[in-house]
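So this one's work_21.cif, mmCIF, C-alpha atoms:
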```cif
data_query
#
loop_
_atom_site.label_atom_id
_atom_site.label_comp_id
_atom_site.auth_asym_id
_atom_site.auth_seq_id
_atom_site.Cartn_x
_atom_site.Cartn_y
_atom_site.Cartn_z
CA MET R 121 -0.60 -22.75 43.66
CA ARG R 122 2.59 -20.71 43.58
CA PRO R 123 3.33 -18.34 40.65
CA ILE R 124 4.84 -20.02 37.62
CA VAL R 125 7.90 -18.06 36.52
CA GLN R 126 10.41 -18.37 33.73
CA SER R 127 13.67 -20.22 34.23
CA LYS R 128 16.58 -18.22 35.62
CA LYS R 129 18.50 -19.42 32.56
CA LEU R 130 16.55 -16.80 30.59
CA GLN R 131 17.66 -13.92 32.80
CA HIS R 132 20.18 -12.55 30.30
CA VAL R 133 18.54 -13.83 27.10
CA ARG R 134 17.07 -11.28 24.67
CA TYR R 135 15.84 -11.44 21.11
CA ASP R 136 14.66 -7.91 20.43
CA VAL R 137 14.03 -8.48 16.72
CA ARG R 138 10.83 -10.16 17.91
CA GLY R 139 10.56 -8.60 21.35
CA PRO R 140 8.51 -5.69 22.74
CA ILE R 141 8.52 -3.85 19.43
CA LEU R 142 6.71 -6.75 17.73
CA VAL R 143 4.22 -6.93 20.62
CA GLU R 144 3.40 -3.25 20.06
CA ALA R 145 3.08 -3.83 16.30
CA GLN R 146 0.63 -6.67 16.96
CA ARG R 147 -1.39 -4.43 19.29
CA LEU R 148 -1.63 -1.77 16.59
CA GLU R 149 -2.64 -4.37 14.01
CA ALA R 150 -5.39 -5.57 16.34
CA GLU R 151 -6.68 -1.99 16.33
CA GLY R 152 -6.88 -2.10 12.54
CA HIS R 153 -3.65 -0.40 11.56
CA LYS R 154 -1.56 -1.73 8.65
CA ILE R 155 2.05 -2.16 9.76
CA LEU R 156 4.97 -2.39 7.34
CA LYS R 157 7.28 -4.88 9.04
CA LEU R 158 10.90 -4.09 8.22
CA ASN R 159 12.25 -5.76 11.35
CA ILE R 160 13.02 -9.27 10.11
CA GLY R 161 14.50 -10.78 6.94
CA ASN R 162 11.49 -12.90 6.02
CA THR R 163 11.43 -13.08 2.23
CA ALA R 164 7.97 -14.54 1.51
CA PRO R 165 5.80 -11.56 2.58
CA PHE R 166 7.60 -9.38 0.04
CA GLY R 167 6.85 -11.51 -3.00
CA PHE R 168 9.92 -13.75 -3.07
CA GLU R 169 8.99 -17.36 -3.75
CA ALA R 170 10.98 -20.57 -3.65
CA PRO R 171 12.44 -21.71 -6.99
CA GLU R 172 10.03 -24.12 -8.69
CA ALA R 173 12.60 -26.91 -8.85
CA ILE R 174 13.01 -26.87 -5.07
CA VAL R 175 9.27 -27.03 -4.45
CA ALA R 176 8.85 -29.79 -7.05
CA ASP R 177 11.61 -31.88 -5.48
CA MET R 178 10.10 -31.56 -2.03
CA VAL R 179 6.67 -32.55 -3.31
CA HIS R 180 8.12 -35.49 -5.23
CA ASN R 181 9.82 -36.81 -2.09
CA LEU R 182 6.94 -36.28 0.34
CA PRO R 183 5.85 -39.96 0.25
CA ASP R 184 9.34 -40.94 1.43
CA ALA R 185 9.61 -38.17 4.02
CA GLN R 186 7.01 -39.34 6.52
CA GLY R 187 9.32 -41.04 8.98
CA TYR R 188 12.32 -39.90 10.99
CA SER R 189 15.60 -39.54 9.15
CA ASP R 190 19.11 -40.10 10.46
CA SER R 191 19.48 -37.55 13.24
CA ARG R 192 22.35 -35.89 11.35
CA GLY R 193 20.27 -35.62 8.16
CA ILE R 194 19.41 -37.62 5.06
CA TYR R 195 22.40 -38.90 3.13
CA SER R 196 21.71 -37.03 -0.11
CA ALA R 197 21.49 -33.67 1.70
CA ARG R 198 24.67 -34.22 3.70
CA THR R 199 26.49 -35.42 0.59
CA ALA R 200 25.41 -32.32 -1.33
CA VAL R 201 26.69 -30.05 1.46
CA ALA R 202 29.99 -31.94 1.68
CA GLN R 203 30.49 -31.70 -2.08
CA TYR R 204 29.66 -27.98 -1.97
CA TYR R 205 32.59 -27.34 0.38
CA GLN R 206 34.87 -29.79 -1.41
CA ALA R 207 34.42 -27.68 -4.55
CA ARG R 208 35.55 -24.64 -2.53
CA GLY R 209 38.85 -26.12 -1.51
CA LEU R 210 37.90 -28.10 1.58
CA THR R 211 38.78 -31.40 -0.04
CA ASP R 212 38.85 -33.36 3.23
CA THR R 213 35.15 -32.68 3.90
CA THR R 214 33.05 -35.84 4.10
CA VAL R 215 29.40 -36.62 4.66
CA ASP R 216 30.21 -37.40 8.28
CA ASP R 217 31.29 -33.78 8.84
CA VAL R 218 27.81 -32.41 8.12
CA TYR R 219 24.82 -32.02 10.44
CA ILE R 220 21.48 -30.90 9.00
CA GLY R 221 19.19 -28.81 11.19
CA ASN R 222 15.97 -26.82 11.22
CA GLY R 223 17.75 -23.74 9.95
CA VAL R 224 20.97 -22.19 11.19
CA SER R 225 19.13 -20.94 14.28
CA GLU R 226 18.57 -24.42 15.67
CA LEU R 227 22.12 -25.48 14.91
CA ILE R 228 23.63 -22.46 16.66
CA SER R 229 21.74 -23.40 19.81
CA MET R 230 22.66 -27.08 19.53
CA VAL R 231 26.35 -26.40 18.94
CA LEU R 232 26.59 -23.98 21.85
CA GLN R 233 24.78 -26.37 24.19
CA ALA R 234 27.26 -29.08 23.25
CA PHE R 235 30.27 -26.76 23.50
CA VAL R 236 29.80 -24.23 26.29
CA ASP R 237 30.37 -24.77 30.00
CA ASP R 238 29.32 -22.29 32.68
CA GLY R 239 31.62 -19.27 32.57
CA ASN R 240 33.11 -19.95 29.15
CA GLU R 241 33.54 -16.74 27.18
CA ILE R 242 32.57 -16.61 23.50
CA LEU R 243 33.67 -13.66 21.34
CA ILE R 244 30.77 -12.29 19.27
CA PRO R 245 30.77 -9.31 16.90
CA ALA R 246 28.94 -6.11 17.78
CA PRO R 247 26.61 -5.48 16.13
CA ASP R 248 25.59 -9.13 15.87
CA TYR R 249 22.80 -11.49 14.92
CA PRO R 250 21.33 -11.53 18.45
CA LEU R 251 20.60 -15.25 18.50
CA TRP R 252 24.34 -15.81 19.01
CA THR R 253 24.38 -13.70 22.16
CA GLY R 254 21.15 -15.19 23.49
CA ALA R 255 22.20 -18.78 22.81
CA VAL R 256 25.58 -18.31 24.53
CA SER R 257 23.83 -16.93 27.61
CA LEU R 258 21.23 -19.71 27.59
CA SER R 259 24.03 -22.28 27.44
CA GLY R 260 25.62 -20.83 30.58
CA GLY R 261 28.40 -18.98 28.79
CA THR R 262 29.39 -15.33 28.75
CA PRO R 263 29.06 -13.45 25.45
CA VAL R 264 31.89 -10.95 24.99
CA HIS R 265 31.29 -8.46 22.20
CA TYR R 266 34.10 -7.24 20.00
CA ARG R 267 33.63 -4.02 18.08
CA CYS R 268 33.17 -3.83 14.34
CA ASP R 269 34.46 -0.51 13.03
CA GLU R 270 31.83 1.59 11.27
CA SER R 271 34.51 4.00 9.98
CA ASN R 272 36.25 1.03 8.34
CA GLY R 273 33.28 -0.42 6.49
CA TRP R 274 32.06 -2.30 9.59
CA ASN R 275 35.08 -4.63 9.51
CA PRO R 276 35.99 -6.38 12.78
CA ASP R 277 38.52 -4.51 14.91
CA LEU R 278 41.23 -7.14 15.28
CA GLU R 279 42.98 -5.24 18.07
CA ASP R 280 39.74 -5.04 20.03
CA ILE R 281 39.31 -8.81 19.66
CA GLU R 282 42.83 -9.43 20.97
CA SER R 283 42.23 -7.13 23.95
CA LYS R 284 39.15 -9.12 25.01
CA ILE R 285 40.69 -12.59 25.02
CA THR R 286 41.15 -14.15 28.46
CA GLU R 287 41.96 -17.58 29.80
CA ASN R 288 38.20 -18.28 29.72
CA THR R 289 37.79 -17.47 26.01
CA HIS R 290 36.90 -20.60 24.03
CA ALA R 291 35.54 -19.54 20.63
CA LEU R 292 35.39 -16.70 18.12
CA VAL R 293 32.17 -16.10 16.18
CA VAL R 294 32.44 -14.61 12.68
CA ILE R 295 29.31 -13.41 10.83
CA ASN R 296 30.26 -12.86 7.20
CA PRO R 297 28.53 -11.41 5.23
CA ASN R 298 27.43 -9.56 8.30
CA ASN R 299 23.95 -9.19 9.68
CA PRO R 300 23.00 -6.38 10.37
CA THR R 301 25.63 -4.23 8.65
CA GLY R 302 25.98 -5.90 5.23
CA ALA R 303 29.78 -5.88 5.51
CA VAL R 304 31.68 -8.48 3.45
CA TYR R 305 35.09 -9.19 4.92
CA SER R 306 38.25 -9.09 2.83
CA GLU R 307 40.69 -11.97 2.64
CA GLU R 308 43.06 -9.99 4.86
CA ILE R 309 40.43 -9.59 7.58
CA VAL R 310 39.36 -13.25 7.41
CA ARG R 311 42.98 -14.39 7.61
CA GLY R 312 43.45 -12.06 10.57
CA LEU R 313 40.49 -13.59 12.38
CA VAL R 314 41.77 -17.10 11.72
CA ASP R 315 45.25 -16.10 12.91
CA ILE R 316 43.81 -14.86 16.21
CA ALA R 317 41.96 -18.15 16.67
CA ARG R 318 45.10 -20.11 15.84
CA ARG R 319 47.35 -18.23 18.28
CA HIS R 320 44.85 -18.38 21.13
CA HIS R 321 43.59 -21.94 20.50
CA LEU R 322 40.02 -20.84 19.85
CA VAL R 323 37.30 -22.64 17.94
CA LEU R 324 35.96 -20.66 14.98
CA MET R 325 32.20 -20.48 14.47
CA ALA R 326 31.46 -19.01 11.04
CA ASP R 327 27.90 -17.86 10.31
CA GLU R 328 27.83 -17.67 6.50
CA ILE R 329 24.08 -17.79 5.78
CA TYR R 330 24.35 -14.75 3.45
CA GLU R 331 27.36 -16.03 1.51
CA LYS R 332 25.56 -15.96 -1.86
CA ILE R 333 24.05 -12.49 -1.41
CA LEU R 334 26.81 -10.13 -2.58
CA TYR R 335 26.46 -6.87 -4.52
CA ALA R 336 29.08 -6.05 -7.13
CA ASP R 337 29.17 -2.74 -9.00
CA ASP R 338 31.69 -0.57 -10.82
CA ALA R 339 33.35 0.46 -7.55
CA VAL R 340 33.35 -2.77 -5.53
CA THR R 341 33.38 -6.47 -6.34
CA PRO R 342 32.90 -8.23 -3.00
CA VAL R 343 34.16 -11.80 -2.66
CA HIS R 344 33.04 -14.12 0.09
CA HIS R 345 35.92 -15.98 1.73
CA HIS R 346 35.00 -19.09 3.68
CA VAL R 347 36.66 -18.94 7.08
CA ALA R 348 37.26 -22.70 6.96
CA THR R 349 39.50 -22.44 3.89
CA PHE R 350 42.09 -20.52 5.94
CA ALA R 351 41.67 -22.50 9.15
CA GLU R 352 43.34 -25.48 7.45
CA ASP R 353 44.05 -28.49 9.64
CA ASP R 354 45.07 -26.77 12.88
CA VAL R 355 41.97 -24.70 13.79
CA LEU R 356 38.62 -26.33 14.37
CA CYS R 357 35.98 -24.47 12.35
CA LEU R 358 32.21 -24.88 12.44
CA THR R 359 30.61 -23.38 9.32
CA PHE R 360 26.89 -22.58 9.42
CA SER R 361 24.77 -21.96 6.33
CA GLY R 362 21.46 -22.93 4.77
CA LEU R 363 18.71 -22.29 2.25
CA SER R 364 16.57 -19.65 3.98
CA LYS R 365 17.90 -16.45 2.42
CA ALA R 366 19.58 -17.26 -0.89
CA TYR R 367 16.83 -19.67 -1.91
CA ARG R 368 13.96 -17.66 -0.35
CA VAL R 369 12.62 -20.53 1.77
CA CYS R 370 12.78 -19.15 5.32
CA GLY R 371 9.84 -21.26 6.45
CA TYR R 372 11.27 -24.55 5.20
CA ARG R 373 13.90 -24.47 7.98
CA ALA R 374 16.77 -26.18 6.19
CA GLY R 375 20.32 -25.44 7.29
CA TRP R 376 23.58 -27.16 8.16
CA VAL R 377 26.79 -26.98 10.12
CA MET R 378 29.98 -28.34 8.59
CA VAL R 379 32.92 -29.34 10.78
CA SER R 380 36.49 -28.91 9.50
CA GLY R 381 40.02 -28.76 10.87
CA PRO R 382 41.50 -31.06 13.55
CA LYS R 383 38.40 -33.17 14.05
CA HIS R 384 40.40 -35.81 15.95
CA LEU R 385 40.79 -33.27 18.76
CA ALA R 386 37.04 -32.66 18.85
CA GLU R 387 35.75 -36.22 19.10
CA ASP R 388 34.27 -35.69 22.55
CA PHE R 389 32.53 -32.46 21.53
CA LEU R 390 31.18 -34.08 18.36
CA GLU R 391 29.86 -36.99 20.41
CA GLY R 392 27.95 -34.44 22.47
CA LEU R 393 26.63 -32.70 19.34
CA THR R 394 25.46 -36.03 17.98
CA LEU R 395 23.74 -36.74 21.30
CA LEU R 396 21.76 -33.49 21.00
CA ALA R 397 20.93 -34.26 17.37
CA ASN R 398 19.61 -37.64 18.48
CA MET R 399 17.53 -36.08 21.24
CA ARG R 400 15.62 -33.88 18.81
CA MET R 401 15.15 -36.99 16.58
CA CYS R 402 15.87 -35.28 13.24
CA ALA R 403 15.46 -32.11 11.25
CA ASN R 404 12.39 -31.42 9.10
CA VAL R 405 12.63 -34.26 6.56
CA PRO R 406 10.72 -32.78 3.57
CA ALA R 407 12.93 -29.68 3.56
CA GLN R 408 16.06 -31.83 3.66
CA HIS R 409 15.11 -33.12 0.21
CA ALA R 410 15.39 -29.54 -1.09
CA ILE R 411 19.08 -29.20 -0.22
CA GLN R 412 20.57 -31.33 -3.00
CA THR R 413 18.41 -29.65 -5.64
CA ALA R 414 19.18 -26.18 -4.30
CA LEU R 415 22.95 -26.55 -4.14
CA GLY R 416 23.27 -28.49 -7.39
CA GLY R 417 20.69 -26.69 -9.50
CA TYR R 418 20.30 -23.35 -11.22
CA GLN R 419 21.33 -20.51 -8.89
CA SER R 420 18.48 -18.06 -9.37
CA ILE R 421 19.90 -15.87 -6.60
CA ASN R 422 22.38 -14.57 -9.16
CA GLU R 423 19.55 -12.79 -10.97
CA LEU R 424 18.59 -10.89 -7.84
CA ILE R 425 21.99 -9.54 -6.79
CA VAL R 426 23.07 -7.80 -10.02
CA PRO R 427 21.94 -4.42 -11.40
CA GLY R 428 18.28 -4.76 -12.33
CA GLY R 429 17.71 -7.52 -9.78
CA ARG R 430 15.37 -6.83 -6.89
CA PHE R 431 17.80 -7.45 -4.03
CA TYR R 432 20.40 -5.21 -5.69
CA GLU R 433 18.10 -2.35 -6.66
CA GLN R 434 16.32 -2.31 -3.31
CA ILE R 435 19.40 -2.25 -1.09
CA LYS R 436 21.10 0.39 -3.23
CA LEU R 437 17.97 2.56 -3.17
CA ALA R 438 17.49 2.16 0.58
CA ASN R 439 21.09 3.09 1.32
CA ARG R 440 20.90 6.18 -0.91
CA LEU R 441 17.59 7.39 0.52
CA LEU R 442 18.76 6.93 4.10
CA ASN R 443 21.87 8.98 3.44
CA GLU R 444 19.72 11.77 2.04
CA ILE R 445 17.98 12.26 5.41
CA PRO R 446 19.72 15.00 7.42
CA GLY R 447 21.78 13.54 10.23
CA VAL R 448 21.55 9.95 8.97
CA THR R 449 24.56 8.08 7.62
CA SER R 450 24.50 4.54 6.27
CA VAL R 451 27.64 2.62 5.31
CA GLU R 452 26.91 0.97 1.98
CA PRO R 453 26.13 -2.75 2.45
CA HIS R 454 27.96 -5.13 0.11
CA GLY R 455 26.02 -8.21 1.18
CA ALA R 456 22.95 -9.51 3.06
CA LEU R 457 19.53 -7.81 3.12
CA TYR R 458 19.83 -4.90 5.54
CA CYS R 459 20.98 -1.35 6.16
CA PHE R 460 22.26 -0.31 9.59
CA PRO R 461 22.14 3.50 9.58
CA ARG R 462 23.45 5.83 12.27
CA LEU R 463 21.51 8.75 13.71
CA ASP R 464 23.75 11.69 14.55
CA PRO R 465 23.43 12.23 18.33
CA GLU R 466 23.99 15.94 17.79
CA MET R 467 20.75 16.08 15.81
CA TYR R 468 18.74 13.28 17.43
CA ALA R 469 18.99 13.05 21.21
CA ILE R 470 18.00 9.40 21.54
CA GLU R 471 18.67 7.87 24.94
CA ASP R 472 16.49 4.77 24.54
CA ASP R 473 16.57 3.43 20.99
CA GLN R 474 13.93 0.78 21.67
CA GLN R 475 11.54 3.54 22.68
CA PHE R 476 12.58 5.42 19.55
CA VAL R 477 11.49 2.57 17.26
CA ILE R 478 8.25 2.15 19.21
CA ASP R 479 7.52 5.86 18.83
CA LEU R 480 8.32 5.62 15.11
CA LEU R 481 6.01 2.61 14.85
CA ARG R 482 3.15 4.43 16.52
CA ALA R 483 3.62 7.57 14.46
CA LYS R 484 4.33 6.10 11.02
CA LYS R 485 3.26 2.43 11.25
CA ILE R 486 6.72 1.22 10.21
CA LEU R 487 8.48 -1.47 12.25
CA VAL R 488 12.29 -1.46 12.32
CA THR R 489 14.71 -2.80 14.95
CA HIS R 490 16.82 -0.70 17.31
CA GLY R 491 20.59 -1.00 17.16
CA THR R 492 21.08 -2.10 20.76
CA GLY R 493 18.86 -5.05 19.88
CA PHE R 494 21.90 -6.23 17.89
CA ASN R 495 24.13 -5.64 20.90
CA TRP R 496 25.54 -2.40 19.55
CA PHE R 497 27.04 -0.25 22.27
CA GLU R 498 25.23 3.06 21.75
CA PRO R 499 21.54 3.93 21.12
CA ASP R 500 22.27 5.61 17.79
CA HIS R 501 21.52 2.98 15.10
CA PHE R 502 18.62 0.99 13.73
CA ARG R 503 18.31 -1.87 11.24
CA LEU R 504 16.11 -1.63 8.18
CA VAL R 505 15.19 -4.69 6.11
CA THR R 506 15.46 -3.93 2.37
CA LEU R 507 13.10 -6.63 1.05
CA PRO R 508 10.10 -4.46 -0.04
CA ASP R 509 9.96 -3.35 -3.67
CA THR R 510 11.40 0.04 -4.55
CA GLU R 511 8.05 1.86 -4.43
CA VAL R 512 7.28 0.61 -0.92
CA LEU R 513 10.84 1.28 0.27
CA THR R 514 10.71 4.84 -1.05
CA GLU R 515 7.45 5.46 0.80
CA ALA R 516 8.73 3.82 4.01
CA ILE R 517 12.02 5.70 4.17
CA GLY R 518 10.17 8.91 3.34
CA ARG R 519 7.98 8.33 6.38
CA ILE R 520 11.04 7.64 8.53
CA GLY R 521 12.50 10.94 7.35
CA GLU R 522 9.27 12.74 8.21
CA TYR R 523 9.31 11.33 11.72
CA LEU R 524 12.95 12.22 12.26
CA GLU R 525 12.13 15.78 11.25
CA THR R 526 9.74 15.99 14.22
CA ILE R 527 12.42 14.96 16.78
CA ARG R 528 15.39 16.82 15.28
CA ARG R 529 17.18 19.29 17.54
#
```

As structure tokens, what does this structure read like?
Amino acid sequence: MRPIVQSKKLQHVRYDVRGPILVEAQRLEAEGHKILKLNIGNTAPFGFEAPEAIVADMVHNLPDAQGYSDSRGIYSARTAVAQYYQARGLTDTTVDDVYIGNGVSELISMVLQAFVDDGNEILIPAPDYPLWTGAVSLSGGTPVHYRCDESNGWNPDLEDIESKITENTHALVVINPNNPTGAVYSEEIVRGLVDIARRHHLVLMADEIYEKILYADDAVTPVHHHVATFAEDDVLCLTFSGLSKAYRVCGYRAGWVMVSGPKHLAEDFLEGLTLLANMRMCANVPAQHAIQTALGGYQSINELIVPGGRFYEQIKLANRLLNEIPGVTSVEPHGALYCFPRLDPEMYAIEDDQQFVIDLLRAKKILVTHGTGFNWFEPDHFRLVTLPDTEVLTEAIGRIGEYLETIRR
């Protein structure tokens, strides 16, 4: 029998957050080592549990969740999502504009499969959530990365975006609040992104999964601006969000995409998206019953993102401790659950940042993700998840500092 090999479609697909570095971590665990995994934003291992009301509603509806649902999602969940955006100024949103999926991840892949033809170029921020890049490649498209400016709070470089638009460019991806940098874009930046899409007839794809995780203090009061509110009726916008992060239910896999703008121009695309939704039958039905309760109920996330709350205290501490390490600079995150620090190349001669994180893992038993895994251009960054409590974070960043001391020039 001939060798069985992977499809050529996977040739340019990477997902380094769970790539070779995780394989090495698993090997070390098999040897008996305890690994602190700061490579992925999985809330449950760090003591964050789903709100009781969400769990209770799922349990209550289990007897009615044993069969397939409508492929676009149960009516109550889609209605709740539509009403959520109506309350934020998108008054034309209806239940028919909402598709429920097994988390944002599944919906990104479905949308791109329905949208992208071979050779289509999709603009994606760098650094990015790498699923976007991988899913574009898997769909036959070409990911084109536009630079976010670290010296300007990791905001997108609008001029760089303009310079990378060609006749093959079909969509502009916006990740706000940003993973991995924690940047929260101003109204001016969001309007600028929408204006670029409008002038170049691009579809906007807005990944807003962290929209409720914002950190206000005496110096900064970040505000999340929905891209769709500025796209109005002349720019098609696909808004992705879900329950995983703000409601601490990553494993439930409950997310949505909401379609807004000139939907009459997108009927053929939406027919294709519905076809793909039908082919996978439906999203996880029990978790769909959590959506109405989550969006309409008490927002416990608000307790976590203010001074004294765990998300707030942990990300502030992590950012401060990272900046105290010689040669490390971290732009303060104003949203999400991560820091994306830079290692000064004059002090740390890192040519292969994946090897750097593997060496760190072996030496200090801490798993982070290298910056090029988020499609950053240089091997001089890494991403640190800030979900552990302050005591664990202090110990972890201390160990990172100790390792960096051993490789400093």

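The closest residue to Thr413 in chain R, picked from R:Leu156, R:Val201, R:Leu463, R:Val143 and counting all atoms listed in the file, is R:Val201.
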
Could you tell me, as a PDB file with C-alpha atoms, in the coordinates of the input, exactly which residues end up selected when the PyMOL selection byres ((chain R and resi 157) around 8) is applied to this structure?
```
ATOM      1  CA  ILE R 155       2.050  -2.160   9.760  1.00  0.00           C
ATOM      2  CA  LEU R 156       4.970  -2.390   7.340  1.00  0.00           C
ATOM      3  CA  LEU R 158      10.900  -4.090   8.220  1.00  0.00           C
ATOM      4  CA  ASN R 159      12.250  -5.760  11.350  1.00  0.00           C
ATOM      5  CA  ILE R 160      13.020  -9.270  10.110  1.00  0.00           C
ATOM      6  CA  ILE R 486       6.720   1.220  10.210  1.00  0.00           C
ATOM      7  CA  LEU R 487       8.480  -1.470  12.250  1.00  0.00           C
ATOM      8  CA  VAL R 488      12.290  -1.460  12.320  1.00  0.00           C
TER       9      VAL R 488
END
```

Exercise for the section: Could you tell me how far CA of Ala291 in chain R lies from CA of Cys357 in chain R, in Å and to one decimal? Expected result: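 Distance between the two atoms: 9.6 Å.
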
Practice task
Place a sphere of radius 9 Å on (9.9, -21.5, 3.0) in the file coordinates and name every protein, DNA or RNA residue with an atom inside or on its surface, counting only C-alpha atoms; give the answer as a list of chain:residue names.
Solution key: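 The distance filter leaves exactly R:Thr163, R:Ala164, R:Glu169, R:Ala170, R:Leu363, R:Ser364, R:Tyr367, R:Arg368, R:Val369, R:Cys370, R:Gly371, R:Tyr372, R:Arg373, R:Ala374, R:Ala407.
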
Can you write out as a tab-separated table which residues of range 397-442 of chain R fall within 9 Å of range 208-226 of chain R, alongside each residue's closest atom pair and its distance in Å to one decimal, counting all atoms listed in the file and ordering rows by chain and ascending residue number?
```
residue	atom	partner	partner_atom	distance
R:Ala397	CA	R:Tyr219	CA	8.3
R:Cys402	CA	R:Gly221	CA	7.6
R:Ala403	CA	R:Gly221	CA	5.0
R:Asn404	CA	R:Asn222	CA	6.2
R:Ala407	CA	R:Asn222	CA	8.7
R:Gln408	CA	R:Ile220	CA	7.7
```

Practice task
Kindly give the distance, in Å, that separates CA of Ile425 in chain R and CA of Glu452 in chain R, rounded to a single decimal.
Solution key: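 For CA of Ile425 in chain R relative to CA of Glu452 in chain R, the distance reads 14.5 Å.
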
Practice task
Could you tell me which of R:Ile517, R:Val293, R:Ile141, R:Met121 comes closest to His490 in chain R if we count all atoms listed in the file?
Solution key: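 Selected residue with least distance to His490 in chain R: R:Ile141.
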
Handout entry: Of the listed residues R:Ser380, R:Glu525, R:Asp338, R:Leu356, that which approaches Pro427 in chain R most closely, counting all atoms listed in the file
Key =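 Looking only at the distances to Pro427 in chain R, the closest residue turns out to be R:Asp338.
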
Problem - Nearest to Ala348 in chain R by atom-to-atom distance, counting only C-alpha atoms, from R:His290, R:Ile244, R:Tyr205, R:Asp190 - result: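 Counting only C-alpha atoms, the residue closest to Ala348 in chain R is R:Tyr205.
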
Exercise for the section: Just say which residues the PyMOL selection byres ((chain R and resi 350) around 10) picks in this file, as a ChimeraX atom specification. Expected result: /R:209-210,307,310-315,345-349,351-355,357,381

Okay, now the selection with C-alpha atoms, as a PDB file, in the frame of the given file?
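As a result, again.pdb now contains:
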```
ATOM      1  CA  GLY R 209      38.850 -26.120  -1.510  1.00  0.00           C
ATOM      2  CA  LEU R 210      37.900 -28.100   1.580  1.00  0.00           C
ATOM      3  CA  GLU R 307      40.690 -11.970   2.640  1.00  0.00           C
ATOM      4  CA  VAL R 310      39.360 -13.250   7.410  1.00  0.00           C
ATOM      5  CA  ARG R 311      42.980 -14.390   7.610  1.00  0.00           C
ATOM      6  CA  GLY R 312      43.450 -12.060  10.570  1.00  0.00           C
ATOM      7  CA  LEU R 313      40.490 -13.590  12.380  1.00  0.00           C
ATOM      8  CA  VAL R 314      41.770 -17.100  11.720  1.00  0.00           C
ATOM      9  CA  ASP R 315      45.250 -16.100  12.910  1.00  0.00           C
ATOM     10  CA  HIS R 345      35.920 -15.980   1.730  1.00  0.00           C
ATOM     11  CA  HIS R 346      35.000 -19.090   3.680  1.00  0.00           C
ATOM     12  CA  VAL R 347      36.660 -18.940   7.080  1.00  0.00           C
ATOM     13  CA  ALA R 348      37.260 -22.700   6.960  1.00  0.00           C
ATOM     14  CA  THR R 349      39.500 -22.440   3.890  1.00  0.00           C
ATOM     15  CA  ALA R 351      41.670 -22.500   9.150  1.00  0.00           C
ATOM     16  CA  GLU R 352      43.340 -25.480   7.450  1.00  0.00           C
ATOM     17  CA  ASP R 353      44.050 -28.490   9.640  1.00  0.00           C
ATOM     18  CA  ASP R 354      45.070 -26.770  12.880  1.00  0.00           C
ATOM     19  CA  VAL R 355      41.970 -24.700  13.790  1.00  0.00           C
ATOM     20  CA  CYS R 357      35.980 -24.470  12.350  1.00  0.00           C
ATOM     21  CA  GLY R 381      40.020 -28.760  10.870  1.00  0.00           C
TER      22      GLY R 381
END
```

Handout entry: Sphere at (18.0, -10.5, -5.1), radius 10 Å, counting all atoms listed in the file: residues as number ranges by chain
Key = R: 168, 332-335, 365-368, 420-435, 456-457, 507

N, CA and C atoms modelled onto range 427-437 of chain R, as a CSV table (one decimal), in the frame of the given file:
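So the final result, stored in rebuild30.csv, reads:
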```
chain,number,residue,atom,x,y,z
R,427,PRO,N,22.8,-5.6,-11.0
R,427,PRO,CA,21.9,-4.4,-11.4
R,427,PRO,C,20.7,-4.9,-12.2
R,428,GLY,N,19.6,-4.3,-11.8
R,428,GLY,CA,18.3,-4.8,-12.3
R,428,GLY,C,17.6,-5.8,-11.5
R,429,GLY,N,18.3,-6.5,-10.7
R,429,GLY,CA,17.7,-7.5,-9.8
R,429,GLY,C,17.1,-6.9,-8.6
R,430,ARG,N,16.1,-7.5,-8.0
R,430,ARG,CA,15.4,-6.8,-6.9
R,430,ARG,C,16.2,-6.6,-5.7
R,431,PHE,N,17.0,-7.6,-5.2
R,431,PHE,CA,17.8,-7.4,-4.0
R,431,PHE,C,18.8,-6.3,-4.2
R,432,TYR,N,19.4,-6.3,-5.4
R,432,TYR,CA,20.4,-5.2,-5.7
R,432,TYR,C,19.8,-3.8,-5.7
R,433,GLU,N,18.7,-3.7,-6.5
R,433,GLU,CA,18.1,-2.4,-6.7
R,433,GLU,C,17.5,-1.8,-5.3
R,434,GLN,N,17.0,-2.7,-4.5
R,434,GLN,CA,16.3,-2.3,-3.3
R,434,GLN,C,17.3,-1.9,-2.3
R,435,ILE,N,18.4,-2.6,-2.1
R,435,ILE,CA,19.4,-2.2,-1.1
R,435,ILE,C,20.2,-1.0,-1.5
R,436,LYS,N,20.4,-0.8,-2.8
R,436,LYS,CA,21.1,0.4,-3.2
R,436,LYS,C,20.2,1.6,-3.0
R,437,LEU,N,18.9,1.5,-3.3
R,437,LEU,CA,18.0,2.6,-3.2
R,437,LEU,C,17.8,2.9,-1.7
```
